[in-house]
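Enquirer: Following this line is data22.txt, made up of compact mmCIF, C-alpha atoms and all ligand atoms:
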# COMPACT_ATOMS: atom_id res chain seq x y z
CA MET A 35 9.37 -12.33 12.40
CA GLU A 36 5.86 -13.86 12.27
CA ILE A 37 2.96 -11.49 12.91
CA PRO A 38 1.26 -12.73 16.11
CA GLU A 39 -2.12 -14.43 15.55
CA GLU A 40 -4.07 -11.90 17.61
CA GLU A 41 -2.79 -9.11 15.35
CA GLU A 42 -4.72 -10.67 12.49
CA ASP A 43 -8.06 -10.21 14.27
CA GLU A 44 -10.21 -7.16 13.71
CA THR A 45 -8.71 -4.09 15.30
CA LEU A 46 -8.69 -0.31 14.79
CA LEU A 47 -6.70 -0.05 11.61
CA PHE A 48 -5.63 2.91 9.51
CA TYR A 49 -4.97 2.56 5.81
CA LEU A 50 -3.71 5.01 3.25
CA VAL A 51 -3.25 4.71 -0.52
CA TYR A 52 -1.31 7.27 -2.50
CA CYS A 53 0.38 7.69 -5.84
CA SER A 54 3.42 9.78 -6.74
CA ARG A 55 5.94 10.41 -9.51
CA GLU A 56 9.64 9.62 -9.33
CA ALA A 57 11.88 12.69 -9.12
CA ILE A 58 15.00 10.71 -9.99
CA PRO A 59 14.98 7.70 -12.33
CA PHE A 60 14.79 4.41 -10.42
CA ASP A 61 16.35 1.27 -11.88
CA GLU A 62 15.64 -2.30 -10.72
CA LEU A 63 18.40 -2.17 -8.11
CA GLY A 64 17.09 1.14 -6.73
CA ILE A 65 13.54 -0.23 -6.41
CA ASN A 66 14.75 -3.44 -4.78
CA GLN A 67 16.85 -1.46 -2.27
CA LEU A 68 13.87 0.79 -1.48
CA VAL A 69 11.60 -2.20 -0.89
CA ALA A 70 14.22 -4.01 1.24
CA LEU A 71 14.57 -0.95 3.51
CA ALA A 72 10.77 -0.56 3.65
CA GLN A 73 10.38 -4.21 4.67
CA ARG A 74 12.93 -3.85 7.49
CA ASN A 75 11.41 -0.62 8.82
CA ASN A 76 7.77 -1.67 8.37
CA GLU A 77 8.33 -4.96 10.17
CA ARG A 78 9.51 -2.96 13.20
CA SER A 79 6.42 -0.72 13.20
CA ASN A 80 4.06 -3.49 12.06
CA ILE A 81 3.02 -1.71 8.88
CA THR A 82 1.90 -3.88 5.96
CA GLY A 83 1.07 -3.19 2.33
CA TRP A 84 2.37 -3.16 -1.20
CA LEU A 85 4.12 -0.93 -3.70
CA VAL A 86 3.55 -0.80 -7.44
CA TYR A 87 6.15 0.95 -9.61
CA SER A 88 5.59 1.47 -13.31
CA CYS A 89 6.73 4.07 -15.87
CA GLY A 90 8.02 6.35 -13.13
CA ILE A 91 4.79 6.24 -11.09
CA PHE A 92 4.48 4.82 -7.58
CA PHE A 93 1.26 3.48 -6.11
CA GLN A 94 1.43 2.32 -2.48
CA TRP A 95 -0.93 0.82 0.07
CA LEU A 96 0.03 1.23 3.75
CA GLU A 97 -1.96 -0.18 6.67
CA GLY A 98 -1.31 -0.31 10.40
CA ASN A 99 -1.66 1.75 13.52
CA ARG A 100 -2.72 5.35 12.61
CA HIS A 101 0.20 6.96 14.44
CA ASP A 102 2.76 4.67 12.79
CA VAL A 103 1.35 5.01 9.27
CA GLN A 104 1.09 8.80 9.56
CA ARG A 105 4.65 9.03 10.91
CA LEU A 106 5.90 6.92 7.99
CA MET A 107 3.87 9.03 5.57
CA LEU A 108 5.64 12.18 6.85
CA ALA A 109 8.98 10.56 5.97
CA ILE A 110 7.67 9.39 2.58
CA VAL A 111 6.29 12.85 1.71
CA ALA A 112 9.63 14.45 2.65
CA ASP A 113 11.57 11.96 0.49
CA PRO A 114 13.15 13.95 -2.39
CA ARG A 115 13.21 10.88 -4.65
CA HIS A 116 9.58 11.42 -5.63
CA ASP A 117 7.06 14.27 -5.94
CA ASN A 118 3.45 15.01 -6.97
CA ILE A 119 2.22 12.87 -4.08
CA VAL A 120 -1.57 12.46 -4.15
CA VAL A 121 -3.38 10.64 -1.34
CA LEU A 122 -6.16 8.69 -3.04
CA SER A 123 -7.82 7.31 0.04
CA GLU A 124 -7.30 7.11 3.82
CA GLU A 125 -9.54 5.78 6.52
CA GLU A 126 -9.51 4.36 10.04
CA GLU A 127 -11.89 1.50 10.78
CA VAL A 128 -12.25 -1.54 12.98
CA ARG A 129 -11.39 -4.33 10.61
CA GLU A 130 -8.88 -7.01 9.75
CA ARG A 131 -5.63 -6.37 7.89
CA LEU A 132 -5.88 -7.02 4.18
CA PHE A 133 -2.22 -7.79 3.50
CA SER A 134 -1.08 -9.13 6.85
CA LYS A 135 1.80 -11.20 5.45
CA TRP A 136 3.40 -8.37 3.44
CA HIS A 137 5.51 -5.82 5.28
CA MET A 138 6.06 -4.32 1.82
CA GLU A 139 5.56 -6.34 -1.32
CA LEU A 140 6.62 -5.11 -4.73
CA VAL A 141 3.64 -5.91 -6.96
CA LEU A 142 3.88 -5.87 -10.75
CA PRO A 143 1.41 -3.48 -12.39
CA ALA A 144 -0.01 -6.39 -14.39
CA ASP A 145 -0.79 -8.20 -11.11
CA ILE A 146 -2.47 -5.41 -9.19
CA ARG A 147 -5.97 -6.40 -10.35
CA ALA A 148 -5.37 -10.00 -9.25
CA VAL A 149 -3.96 -8.84 -5.86
CA LEU A 150 -7.10 -6.77 -5.18
CA ALA A 151 -9.44 -9.52 -6.43
CA ASP A 152 -7.67 -12.14 -4.25
CA ALA A 153 -7.95 -9.88 -1.21
CA ILE A 154 -11.71 -9.51 -1.85
CA GLY A 155 -11.98 -13.31 -2.06
CA ASP A 156 -9.97 -13.79 1.17
CA SER A 157 -11.76 -11.16 3.21
CA GLU A 158 -14.82 -11.87 5.32
CA ASP A 159 -15.03 -8.25 6.42
CA PRO A 160 -17.63 -6.23 4.44
CA LYS A 161 -15.73 -2.97 5.12
CA CYS A 162 -12.57 -4.40 3.55
CA VAL A 163 -14.50 -5.72 0.60
CA ARG A 164 -16.07 -2.28 0.06
CA SER A 165 -12.68 -0.49 0.12
CA LEU A 166 -11.16 -3.03 -2.26
CA ARG A 167 -14.09 -2.87 -4.66
CA LEU A 168 -13.68 0.92 -4.79
CA LEU A 169 -10.03 0.52 -5.79
CA LEU A 170 -10.94 -2.07 -8.42
CA GLU A 171 -13.63 0.20 -9.86
CA HIS A 172 -11.07 3.02 -9.92
CA LEU A 173 -8.63 0.79 -11.84
CA ASP A 174 -11.31 -0.37 -14.27
CA SER A 175 -12.48 3.18 -14.97
CA LYS A 176 -8.86 4.21 -15.71
CA ALA A 177 -8.41 1.20 -18.01
CA LEU A 178 -11.67 2.04 -19.81
CA ALA A 179 -10.61 5.68 -20.21
CA ALA A 180 -7.24 4.56 -21.62
CA ASP A 181 -9.04 2.20 -24.09
CA THR A 182 -11.41 4.87 -25.37
CA THR A 183 -8.63 7.46 -25.86
CA SER A 184 -6.28 5.07 -27.71
C1 LIG B 201 7.75 5.57 -3.18
C2 LIG B 201 8.41 5.40 -1.84
C3 LIG B 201 7.89 4.48 -0.93
C4 LIG B 201 8.48 4.28 0.33
N1 LIG B 201 7.95 3.38 1.20
C5 LIG B 201 8.51 3.21 2.40
C6 LIG B 201 7.98 2.29 3.33
O1 LIG B 201 6.98 1.60 3.10
N2 LIG B 201 8.62 2.16 4.53
C7 LIG B 201 9.75 2.87 4.85
O2 LIG B 201 10.28 2.71 5.94
N3 LIG B 201 10.28 3.74 3.99
C8 LIG B 201 9.69 3.93 2.77
N4 LIG B 201 10.24 4.82 1.89
C9 LIG B 201 11.48 5.52 2.27
C10 LIG B 201 11.17 6.72 3.17
O3 LIG B 201 10.81 7.81 2.38
C11 LIG B 201 12.42 7.08 4.00
O4 LIG B 201 13.53 7.25 3.14
C12 LIG B 201 12.75 5.98 4.99
O5 LIG B 201 11.62 5.64 5.76
C13 LIG B 201 13.88 6.41 5.93
O6 LIG B 201 14.26 5.29 6.67
P1 LIG B 201 15.57 5.30 7.62
O7 LIG B 201 15.26 6.34 8.67
O8 LIG B 201 15.66 3.90 8.15
O9 LIG B 201 16.73 5.67 6.72
C14 LIG B 201 9.64 5.04 0.64
C15 LIG B 201 10.15 5.96 -0.26
C16 LIG B 201 9.55 6.13 -1.50
C17 LIG B 201 10.14 7.12 -2.47
Re-express the file's structure as structure tokens.
Ligand SMILES: Cc1cc2nc3c(=O)[nH]c(=O)nc-3n(C[C@H](O)[C@H](O)[C@H](O)COP(=O)(O)O)c2cc1C

Expert:
Amino acid sequence: MEIPEEEEDETLLFYLVYCSREAIPFDELGINQLVALAQRNNERSNITGWLVYSCGIFFQWLEGNRHDVQRLMLAIVADPRHDNIVVLSEEEEVRERLFSKWHMELVLPADIRAVLADAIGDSEDPKCVRSLRLLLEHLDSKALAADTTS
């Protein structure tokens, strides 16, 4: 189903980013099944975003109506397949969607920097750009810390 044009305009939007650790080992099939279910459900509630999975760690961006995202987050937090859930950032603002075409996209860890940089390039909304830059700085500081400890 195509997202209606007017939905892509600026509107009151809630976004949440969290990371967590798998509680049971996921293989490729398990991840693909999880993403397929997420895409079906998120399309119904008009939630968009992406999921990164690497070395047993999940990193997910969810954006949509506050009520819908928080309801989904309750289900995600109660999901026994992962634990150690840490919300990194959540905010409600009037702005455009950043990932309006993705009801849930599995993004490779190696591509996450490019996904954030592309979204900065595509966005004309200073609030979006600020949130994305924060995430990029967070990634870069982690990469720097990993370099200096190795
Ligand atoms: C890391 C992780 C991310 C998830 N992301 C989503 C999601 O974006 N959308 C979704 O509907 N379910 C997601 N789930 C699954 C939910 O926890 C829950 O199992 C699902 O929403 C239940 O859907 P159902 O009522 O259709 O069975 C995720 C689970 C995990 C472990």

Enquirer: Could you list, as a PyMOL selection string, every residue within 12 Å of A:Glu97, counting all atoms listed in the file and ignoring same-chain residues fewer than 2 positions away?

Expert: chain A and resi 45-52+76-77+79-84+94-95+99-104+106-107+123-127+129-138+162

Enquirer: Where does chain A meet ligand LIG 201 (chain B) within 6 Å, residue by residue, with the nearest atom pair and distance in Å to one decimal for each, counting all atoms listed in the file, listed by chain and rising number, as CSV?

Expert:
residue,atom,partner,partner_atom,distance
A:Ala72,CA,B:LIG201,N2,3.6
A:Asn75,CA,B:LIG201,O2,4.5
A:Asn76,CA,B:LIG201,N2,5.5
A:Phe92,CA,B:LIG201,C1,5.5
A:Ala109,CA,B:LIG201,O3,4.9
A:Ile110,CA,B:LIG201,O3,3.5
A:Asp113,CA,B:LIG201,O3,4.6
A:Arg115,CA,B:LIG201,C17,5.3
A:His116,CA,B:LIG201,C17,5.4

Enquirer: For a quick check of your reading of the model, name the residues lying within 12 Å of the coordinate (-12.2, -6.4, -1.1), counting all atoms listed in the file, and write them as number ranges by chain.

Expert: A: 129-133, 147-171

Enquirer: Could you give me, as an mmCIF file with C-alpha atoms, keeping the file's coordinate frame, the residues that sit within 9 Å of (12.1, 12.1, -8.0) in the file's coordinates, counting all atoms listed in the file?

Expert:
data_model
loop_
_atom_site.group_PDB
_atom_site.id
_atom_site.type_symbol
_atom_site.label_atom_id
_atom_site.label_comp_id
_atom_site.auth_asym_id
_atom_site.auth_seq_id
_atom_site.Cartn_x
_atom_site.Cartn_y
_atom_site.Cartn_z
ATOM 1 C CA ARG A 55 5.940 10.410 -9.510
ATOM 2 C CA GLU A 56 9.640 9.620 -9.330
ATOM 3 C CA ALA A 57 11.880 12.690 -9.120
ATOM 4 C CA ILE A 58 15.000 10.710 -9.990
ATOM 5 C CA PRO A 59 14.980 7.700 -12.330
ATOM 6 C CA PHE A 60 14.790 4.410 -10.420
ATOM 7 C CA GLY A 90 8.020 6.350 -13.130
ATOM 8 C CA ASP A 113 11.570 11.960 0.490
ATOM 9 C CA PRO A 114 13.150 13.950 -2.390
ATOM 10 C CA ARG A 115 13.210 10.880 -4.650
ATOM 11 C CA HIS A 116 9.580 11.420 -5.630
ATOM 12 C CA ASP A 117 7.060 14.270 -5.940
#
